[in-house]
>>> print(open('my_file_7.cif').read())   # mmCIF, C-alpha atoms
data_protein
#
loop_
_atom_site.group_PDB
_atom_site.id
_atom_site.type_symbol
_atom_site.label_atom_id
_atom_site.label_comp_id
_atom_site.auth_asym_id
_atom_site.auth_seq_id
_atom_site.Cartn_x
_atom_site.Cartn_y
_atom_site.Cartn_z
ATOM 1 C CA MET H 1 188.826 114.706 -25.916
ATOM 2 C CA TYR H 2 190.109 112.246 -28.506
ATOM 3 C CA LYS H 3 191.570 110.140 -25.712
ATOM 4 C CA LEU H 4 188.223 109.957 -23.914
ATOM 5 C CA LEU H 5 186.425 108.951 -27.096
ATOM 6 C CA PHE H 6 189.079 106.262 -27.549
ATOM 7 C CA CYS H 7 188.323 105.010 -24.031
ATOM 8 C CA THR H 8 184.598 104.999 -24.813
ATOM 9 C CA ALA H 9 185.343 102.910 -27.907
ATOM 10 C CA GLU H 10 187.421 100.558 -25.733
ATOM 11 C CA ILE H 11 184.473 100.028 -23.391
ATOM 12 C CA GLN H 12 182.220 99.287 -26.334
ATOM 13 C CA SER H 13 184.719 96.836 -27.848
ATOM 14 C CA MET H 14 184.953 94.980 -24.525
ATOM 15 C CA GLY H 15 181.243 94.214 -24.576
ATOM 16 C CA MET H 16 180.641 96.725 -21.814
ATOM 17 C CA ASN H 17 178.500 99.074 -23.870
ATOM 18 C CA ASN H 18 175.570 99.732 -21.626
ATOM 19 C CA PHE H 19 173.926 102.817 -20.272
ATOM 20 C CA SER H 20 175.446 102.707 -16.789
ATOM 21 C CA ASN H 21 179.026 102.242 -18.021
ATOM 22 C CA SER H 22 178.659 105.032 -20.569
ATOM 23 C CA ILE H 23 177.179 107.398 -18.002
ATOM 24 C CA ASP H 24 179.802 106.442 -15.426
ATOM 25 C CA LEU H 25 182.620 107.161 -17.864
ATOM 26 C CA LEU H 26 181.047 110.461 -18.923
ATOM 27 C CA HIS H 27 180.492 111.454 -15.282
ATOM 28 C CA ARG H 28 184.110 110.688 -14.427
ATOM 29 C CA ALA H 29 185.288 112.623 -17.483
ATOM 30 C CA LEU H 30 183.230 115.634 -16.390
ATOM 31 C CA ASP H 31 184.847 115.403 -12.946
ATOM 32 C CA VAL H 32 188.297 115.231 -14.543
ATOM 33 C CA GLU H 33 187.559 118.309 -16.664
ATOM 34 C CA THR H 34 186.454 120.140 -13.510
ATOM 35 C CA LEU H 35 189.745 119.186 -11.845
ATOM 36 C CA ARG H 36 191.648 120.329 -14.950
ATOM 37 C CA TYR H 37 189.872 123.661 -14.770
ATOM 38 C CA GLN H 38 190.834 124.066 -11.100
ATOM 39 C CA VAL H 39 194.471 123.101 -11.775
ATOM 40 C CA THR H 40 194.676 125.499 -14.715
ATOM 41 C CA ALA H 41 193.147 128.313 -12.651
ATOM 42 C CA ASN H 42 195.730 127.566 -9.953
ATOM 43 C CA ASN H 43 198.502 127.753 -12.560
ATOM 44 C CA ILE H 44 197.250 131.121 -13.782
ATOM 45 C CA SER H 45 196.932 132.520 -10.258
ATOM 46 C CA ASN H 46 200.515 131.445 -9.486
ATOM 47 C CA SER H 47 202.006 132.659 -12.762
ATOM 48 C CA GLN H 48 204.058 135.370 -11.016
ATOM 49 C CA VAL H 49 205.198 133.293 -8.022
ATOM 50 C CA PRO H 50 208.943 132.600 -8.161
ATOM 51 C CA ASN H 51 209.888 128.940 -8.700
ATOM 52 C CA TYR H 52 206.266 127.809 -9.067
ATOM 53 C CA LYS H 53 205.961 124.822 -11.392
ATOM 54 C CA ARG H 54 202.847 124.329 -13.497
ATOM 55 C CA GLN H 55 200.659 121.304 -12.977
ATOM 56 C CA SER H 56 198.474 119.282 -15.287
ATOM 57 C CA VAL H 57 196.034 116.388 -14.905
ATOM 58 C CA ASN H 58 196.672 112.892 -16.238
ATOM 59 C CA PHE H 59 193.645 110.620 -16.575
ATOM 60 C CA GLU H 60 193.138 109.310 -20.096
ATOM 61 C CA SER H 61 196.565 107.677 -20.410
ATOM 62 C CA GLU H 62 196.024 105.792 -17.143
ATOM 63 C CA LEU H 63 192.578 104.715 -18.309
ATOM 64 C CA LYS H 64 194.022 103.538 -21.621
ATOM 65 C CA ARG H 65 196.702 101.551 -19.773
ATOM 66 C CA VAL H 66 194.015 99.793 -17.725
ATOM 67 C CA PHE H 67 192.069 98.869 -20.858
ATOM 68 C CA GLU H 68 195.228 97.581 -22.532
ATOM 69 C CA SER H 69 196.146 95.515 -19.462
ATOM 70 C CA ARG H 70 192.694 93.939 -19.554
ATOM 71 C CA ASP H 71 193.053 93.170 -23.267
ATOM 72 C CA ASN H 72 196.505 91.667 -22.741
ATOM 73 C CA ALA H 73 195.452 89.648 -19.686
ATOM 74 C CA HIS H 74 193.996 86.929 -21.882
ATOM 75 C CA ASN H 75 197.316 86.372 -23.689
ATOM 76 C CA GLU H 76 199.796 86.748 -20.837
ATOM 77 C CA PHE H 77 201.479 84.141 -18.705
ATOM 78 C CA ARG H 78 199.985 84.168 -15.201
ATOM 79 C CA MET H 79 201.489 82.687 -12.096
ATOM 80 C CA GLU H 80 199.195 80.674 -9.903
ATOM 81 C CA THR H 81 199.606 81.352 -6.217
ATOM 82 C CA THR H 82 198.835 78.741 -3.619
ATOM 83 C CA HIS H 83 199.714 80.799 -0.568
ATOM 84 C CA PRO H 84 198.905 84.429 0.354
ATOM 85 C CA ASP H 85 202.607 85.211 0.849
ATOM 86 C CA HIS H 86 203.508 84.225 -2.720
ATOM 87 C CA ILE H 87 204.335 86.939 -5.202
ATOM 88 C CA GLN H 88 201.171 87.858 -7.038
ATOM 89 C CA SER H 89 201.190 88.303 -10.786
ATOM 90 C CA GLU H 90 199.725 91.555 -12.000
ATOM 91 C CA GLN H 91 195.956 91.413 -12.200
ATOM 92 C CA PRO H 92 193.961 93.515 -14.649
ATOM 93 C CA ARG H 93 192.710 96.636 -12.901
ATOM 94 C CA ASP H 94 189.119 97.802 -12.823
ATOM 95 C CA TRP H 95 188.676 100.875 -15.030
ATOM 96 C CA LYS H 96 186.259 102.375 -12.489
ATOM 97 C CA LYS H 97 189.059 102.651 -9.931
ATOM 98 C CA VAL H 98 191.339 104.803 -12.090
ATOM 99 C CA GLU H 99 191.799 108.222 -10.516
ATOM 100 C CA PRO H 100 193.130 111.389 -12.145
ATOM 101 C CA ARG H 101 196.643 112.419 -11.132
ATOM 102 C CA ARG H 102 198.123 115.880 -10.807
ATOM 103 C CA VAL H 103 201.462 115.996 -12.573
ATOM 104 C CA THR H 104 203.999 118.731 -11.829
ATOM 105 C CA ASP H 105 206.319 119.863 -14.636
ATOM 106 C CA TYR H 106 209.775 120.235 -13.101
ATOM 107 C CA LEU H 107 211.656 120.020 -16.397
ATOM 108 C CA THR H 108 210.886 123.358 -18.019
ATOM 109 C CA THR H 109 211.551 126.953 -16.964
ATOM 110 C CA ALA H 110 209.830 129.697 -18.943
ATOM 111 C CA ASN H 111 210.684 132.734 -16.810
ATOM 112 C CA ALA H 112 213.863 134.090 -15.257
ATOM 113 C CA ASN H 113 212.367 133.636 -11.775
ATOM 114 C CA GLY H 114 212.137 129.845 -12.211
ATOM 115 C CA ASN H 115 208.393 129.860 -12.880
ATOM 116 C CA ASN H 116 207.288 127.813 -15.892
ATOM 117 C CA VAL H 117 203.686 129.001 -16.309
ATOM 118 C CA ASP H 118 202.844 130.506 -19.699
ATOM 119 C CA VAL H 119 199.656 132.488 -19.074
ATOM 120 C CA GLU H 120 198.668 132.479 -22.753
ATOM 121 C CA GLU H 121 198.999 128.695 -22.932
ATOM 122 C CA GLU H 122 196.978 128.309 -19.743
ATOM 123 C CA ALA H 123 194.260 130.609 -21.149
ATOM 124 C CA MET H 124 194.113 128.368 -24.230
ATOM 125 C CA ASN H 125 193.822 125.362 -21.901
ATOM 126 C CA VAL H 126 190.853 127.010 -20.176
ATOM 127 C CA ALA H 127 189.085 127.454 -23.525
ATOM 128 C CA LYS H 128 189.847 123.839 -24.468
ATOM 129 C CA ILE H 129 188.582 122.554 -21.111
ATOM 130 C CA GLN H 130 185.372 124.563 -21.460
ATOM 131 C CA MET H 131 184.735 123.123 -24.945
ATOM 132 C CA GLN H 132 185.436 119.586 -23.755
ATOM 133 C CA TYR H 133 183.136 120.029 -20.776
ATOM 134 C CA ARG H 134 180.382 121.318 -23.058
ATOM 135 C CA LEU H 135 180.850 118.337 -25.398
ATOM 136 C CA LEU H 136 180.778 115.860 -22.513
ATOM 137 C CA SER H 137 177.605 117.478 -21.196
ATOM 138 C CA GLN H 138 176.011 117.137 -24.630
ATOM 139 C CA LEU H 139 177.062 113.472 -24.823
ATOM 140 C CA THR H 140 175.534 112.850 -21.398
ATOM 141 C CA ASN H 141 172.343 114.592 -22.476
ATOM 142 C CA PHE H 142 172.283 112.434 -25.623
ATOM 143 C CA GLU H 143 172.601 109.230 -23.566
ATOM 144 C CA PHE H 144 169.646 110.229 -21.395
ATOM 145 C CA SER H 145 167.596 111.320 -24.411
ATOM 146 C CA GLN H 146 168.111 107.863 -25.948
ATOM 147 C CA VAL H 147 166.743 106.239 -22.800
ATOM 148 C CA ASN H 148 163.835 108.706 -22.807
ATOM 149 C CA ILE H 149 163.001 107.803 -26.415
ATOM 150 C CA ALA H 150 163.174 104.091 -25.628
ATOM 151 C CA MET H 151 160.893 104.493 -22.622
ATOM 152 C CA LYS H 152 158.318 106.422 -24.650
ATOM 153 C CA LYS H 153 158.103 103.510 -27.093
ATOM 154 C CA ILE H 154 157.303 101.012 -24.366
#
>>> encode(input="my_file_7.cif", output="structure tokens")
Amino acid sequence: MYKLLFCTAEIQSMGMNNFSNSIDLLHRALDVETLRYQVTANNISNSQVPNYKRQSVNFESELKRVFESRDNAHNEFRMETTHPDHIQSEQPRDWKKVEPRRVTDYLTTANANGNNVDVEEEAMNVAKIQMQYRLLSQLTNFEFSQVNIAMKKI
């Protein structure tokens, strides 16, 4: 959750603090938490399958990398291309195009059968995901309540 709040602060510091960007980021975060819940449920259901490797979801670090690339784009050397076949320098990516990735943990083995799912850890992840989803829902509700208050004053 801290990572998402960091990303929200990044959007605000980039002068992008408006209702639609905030709602878009919150909506995407809710979708990511839903995916995390599904991946964690899949891990739990496969906890006894030999050689199954647990998966997790990576989103916030990719989002942070996009924000950092945008911040650094103003200070970096950029090649100018005069032909479509020239090598393109890296362009800052749009944060709205960042997609969550499923990451498989091949490095650890928790059980003798080659499975690396710790059911207790996954149960803790479920509780954490539920709390984060609840918080994101409350933040979304707050954003809409602010618009509602503003519209009542008009």
>>> axis_aligned_box(input="my_file_7.cif", around="stretch 144-152 of chain H", padding_each_side="5 Å", output="AutoDock Vina command-line options")
--center_x 164.0 --center_y 107.7 --center_z -23.9 --size_x 21.3 --size_y 17.2 --size_z 15.0
>>> atom_distance(input="my_file_7.cif", atom1="atom CA of H:Ala127", atom2="atom CA of H:Leu63")
23.6 Å
>>> closest_residue(input="my_file_7.cif", among="H:Val117, H:Leu107, H:Val98, H:Val66", to="H:Asn46", atoms="only C-alpha atoms")
H:Val117
>>> residues_around(input="my_file_7.cif", residues="H:His27", least_positions_apart="3", cutoff="12 Å", atoms="only C-alpha atoms", output="ChimeraX atom specification")
/H:4,19-24,30-34,96,133,136-141,143
>>> resolve_selection(input="my_file_7.cif", expression="the PyMOL selection byres ((chain H and resi 38) around 12)", output="MDAnalysis selection string")
chainID H and resid 31:37 39:45 55:57 102 122 125:126 129:130
>>> atom_distance(input="my_file_7.cif", atom1="atom CA of H:Gln132", atom2="atom CA of H:Thr108")
26.4 Å
>>> closest_residue(input="my_file_7.cif", among="H:Ile87, H:Leu25, H:Met131, H:Val49", to="H:Ala112", atoms="all atoms listed in the file")
H:Val49
>>> closest_residue(input="my_file_7.cif", among="H:Asn148, H:Asp105, H:Lys128, H:Asp118", to="H:Lys53", atoms="all atoms listed in the file")
H:Asp105
>>> resolve_selection(input="my_file_7.cif", expression="the PyMOL selection byres ((chain H and resi 59) around 7)", output="ChimeraX atom specification")
/H:57-58,60-63,99-101
>>> atom_distance(input="my_file_7.cif", atom1="atom CA of H:Leu135", atom2="atom CA of H:Lys64")
20.2 Å
>>> resolve_selection(input="my_file_7.cif", expression="the PyMOL selection byres ((chain H and resi 50) around 8)", output="list in words")
Gln48, Val49, Asn51, Tyr52, Asn113, Gly114 and Asn115 of chain H
